[in-house]
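Worksheet: one structure, shown below.
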Amino acid sequence: MAKAHERIADETISVITAVHAPGAKYLPDAYESLVEQEMPAGWEWQWVVQEDGESEAVAPFVPDDARVSFGRGRAGRAAMARTMGLARARGSLVKVLDADDMLRPGALARDIAAVSRPGIGWTTSRALDLLPDGSTVGFDQDPPEGPIERGVVLDHWKTHDHRPQVHPATLCVRRDLLLALGGWMSLPASEDTGLLLALNAVSRGWFSAQTGLLYRKWPGQVTSHESHMDEGERTARMAVIGARAEALAHLAQWRYEDD
């Protein structure tokens, strides 16, 4: 297992997965989707699996592979688990993969190609919902393949019931940019949307129209819980997400004007 604070490897992409006990059974599927990735010449992946909690229920599902780093810690939901896992991530790029999701063939290679473009700090891709019966459903508001300009995601989010047009569960980002923004927002949910909007406030992104992720729908996932849609909590989450993105956008605009 990898140790914290290893030297950063320019041609490594660190895939970070936060997992709690109910979702551990899906880790083998996520791992298989990683093993099937064809990497660009010279590149490799590292899988950082961080348990949100200190149970004995997750470790049995973690594969015995030198490329996999497993850790656990105090429960604090996905944002804290991912940030704690980031301490062991040694890649110059960081990719999100939820424990119950699966990458599609070529996803990592496309992410690497996108973020290697000049001026691009992060990338997302098309995602398909994977339903319990094995069928898939797409999203009808995907943007076209290509760059995502600063502020575009925030503008869409404001006018579409606080839903971005690109899926934060498909995010791949430059490590230094992720760290500069403080990682994932310390919220009980929507922490990935908060990060996505912050990234869009300060940096151009990229969207890949090829499917990069199967987003599993199942009764035990956090977003299916009634508390996730509690109106009071959701209103508070969206307020702070939007305020942070707006503040970052203003700071970024001052920087561009000064330049």
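By convention here, the chains of the structure tokens are called A, B, ... in the order presented, each chain's residues are numbered starting at 1, and ligands are numbered starting at 1 in the order presented.
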TODO: Just the residues within 9 Å of Pro164 of chain A, please, counting only C-alpha atoms, with nothing from its chain fewer than 6 positions along; format it as a VMD selection string.
DONE: chain A and resid 153 to 158 193 196 to 197
Open item on the list: I want to know what sits within 8 Å of segment 81-85 of chain A, based on only C-alpha atoms, with residues of the same chain fewer than 2 positions away left out; could you give that as a list of chain:residue names?
Closed with: A:Ile16, A:Thr17, A:Ala18, A:Val19, A:Val48, A:Val49, A:Gln50, A:Glu51, A:Asp52, A:Gly71, A:Gly73, A:Ala75, A:Gly76, A:Arg77, A:Ala78, A:Ala79, A:Ala87, A:Arg88, A:Ala89, A:Gly183, A:Trp184
TODO: Would you mind listing what lies within 10 Å of Glu246 of chain A as a PyMOL selection string, with only C-alpha atoms counted and same-chain residues fewer than 6 positions away left out?
DONE: chain A and resi 151+154+197-198+201+240+252
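Taking atom CA of Ala66 of chain A and atom CA of Gln46 of chain A as the two end points, the separation is 8.8 Å.
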TODO: Using DSSP on the backbone coordinates, identify the residues of segment 127-249 of chain A assigned to strand (DSSP E or B); present them as a PyMOL selection string.
DONE: chain A and resi 127-130+136-137+146-148+172-174+204-216
Residue selection dump (N, CA, C and O atoms) as a short mmCIF file (atom, residue, chain, number, x, y, z; two decimals), in the first residue's frame:
```cif
data_model
loop_
_atom_site.label_atom_id
_atom_site.label_comp_id
_atom_site.auth_asym_id
_atom_site.auth_seq_id
_atom_site.Cartn_x
_atom_site.Cartn_y
_atom_site.Cartn_z
N ALA A 127 -22.06 10.70 -18.91
CA ALA A 127 -22.34 9.61 -17.98
C ALA A 127 -23.70 9.01 -18.30
O ALA A 127 -24.61 9.71 -18.75
N LEU A 128 -23.81 7.72 -18.08
CA LEU A 128 -25.08 7.02 -18.23
C LEU A 128 -25.51 6.47 -16.88
O LEU A 128 -24.70 5.86 -16.17
N ASP A 129 -26.77 6.68 -16.52
CA ASP A 129 -27.31 6.05 -15.32
C ASP A 129 -27.46 4.56 -15.58
O ASP A 129 -28.03 4.15 -16.61
N LEU A 130 -26.93 3.75 -14.68
CA LEU A 130 -27.08 2.30 -14.76
C LEU A 130 -28.18 1.88 -13.80
O LEU A 130 -28.02 1.97 -12.58
N THR A 136 -29.60 1.35 -19.27
CA THR A 136 -28.93 2.63 -19.05
C THR A 136 -29.79 3.77 -19.60
O THR A 136 -30.56 3.60 -20.55
N VAL A 137 -29.64 4.93 -18.98
CA VAL A 137 -30.37 6.13 -19.39
C VAL A 137 -29.39 7.27 -19.47
O VAL A 137 -28.59 7.49 -18.55
N GLY A 146 -15.77 19.45 -26.36
CA GLY A 146 -14.89 20.60 -26.49
C GLY A 146 -14.73 21.37 -25.20
O GLY A 146 -15.13 20.91 -24.12
N PRO A 147 -14.14 22.55 -25.28
CA PRO A 147 -13.83 23.33 -24.09
C PRO A 147 -15.09 23.86 -23.40
O PRO A 147 -16.10 24.14 -24.05
N ILE A 148 -15.00 24.01 -22.10
CA ILE A 148 -16.05 24.63 -21.29
C ILE A 148 -15.46 25.91 -20.71
O ILE A 148 -14.52 25.87 -19.92
N CYS A 172 -12.08 14.81 -13.68
CA CYS A 172 -10.64 14.62 -13.59
C CYS A 172 -10.03 16.01 -13.57
O CYS A 172 -10.42 16.89 -14.34
N VAL A 173 -9.05 16.24 -12.66
CA VAL A 173 -8.56 17.60 -12.43
C VAL A 173 -7.07 17.58 -12.17
O VAL A 173 -6.53 16.60 -11.65
N ARG A 174 -6.42 18.67 -12.51
CA ARG A 174 -5.01 18.82 -12.15
C ARG A 174 -4.89 18.87 -10.63
O ARG A 174 -5.62 19.60 -9.96
N ARG A 204 -10.73 27.05 -17.31
CA ARG A 204 -11.44 26.42 -18.43
C ARG A 204 -11.39 24.90 -18.25
O ARG A 204 -10.41 24.35 -17.76
N GLY A 205 -12.46 24.25 -18.65
CA GLY A 205 -12.53 22.80 -18.59
C GLY A 205 -12.74 22.20 -19.97
O GLY A 205 -12.64 22.88 -20.99
N TRP A 206 -13.04 20.92 -20.00
CA TRP A 206 -13.27 20.19 -21.25
C TRP A 206 -14.39 19.19 -21.03
O TRP A 206 -14.52 18.63 -19.93
N PHE A 207 -15.18 18.95 -22.06
CA PHE A 207 -16.21 17.91 -21.99
C PHE A 207 -15.98 16.90 -23.09
O PHE A 207 -15.82 17.26 -24.26
N SER A 208 -15.94 15.63 -22.71
CA SER A 208 -15.83 14.54 -23.67
C SER A 208 -17.21 13.95 -23.90
O SER A 208 -17.87 13.51 -22.95
N ALA A 209 -17.64 13.93 -25.16
CA ALA A 209 -18.97 13.44 -25.49
C ALA A 209 -19.06 11.92 -25.46
O ALA A 209 -20.17 11.37 -25.45
N GLN A 210 -17.93 11.23 -25.43
CA GLN A 210 -17.96 9.78 -25.29
C GLN A 210 -18.27 9.41 -23.84
O GLN A 210 -17.81 10.07 -22.92
N THR A 211 -19.03 8.36 -23.67
CA THR A 211 -19.41 7.96 -22.32
C THR A 211 -18.20 7.54 -21.52
O THR A 211 -17.44 6.66 -21.92
N GLY A 212 -18.01 8.18 -20.37
CA GLY A 212 -16.87 7.88 -19.52
C GLY A 212 -17.22 7.13 -18.25
O GLY A 212 -16.34 6.61 -17.58
N LEU A 213 -18.54 7.06 -17.93
CA LEU A 213 -18.91 6.51 -16.63
C LEU A 213 -20.30 5.88 -16.68
O LEU A 213 -21.22 6.41 -17.32
N LEU A 214 -20.43 4.76 -15.99
CA LEU A 214 -21.75 4.21 -15.66
C LEU A 214 -22.03 4.57 -14.21
O LEU A 214 -21.30 4.17 -13.30
N TYR A 215 -23.09 5.35 -14.01
CA TYR A 215 -23.45 5.87 -12.70
C TYR A 215 -24.56 4.98 -12.14
O TYR A 215 -25.71 5.06 -12.55
N ARG A 216 -24.19 4.14 -11.20
CA ARG A 216 -25.12 3.12 -10.71
C ARG A 216 -26.22 3.74 -9.83
O ARG A 216 -25.95 4.50 -8.92
#
```
Open item on the list: So, with only C-alpha atoms as the atoms that count, which of A:Ala243, A:Val62, A:Leu195, A:Leu179 lies closest to His167 of chain A?
Closed with: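 With only C-alpha atoms as the atom set, the closest residue is A:Leu195.
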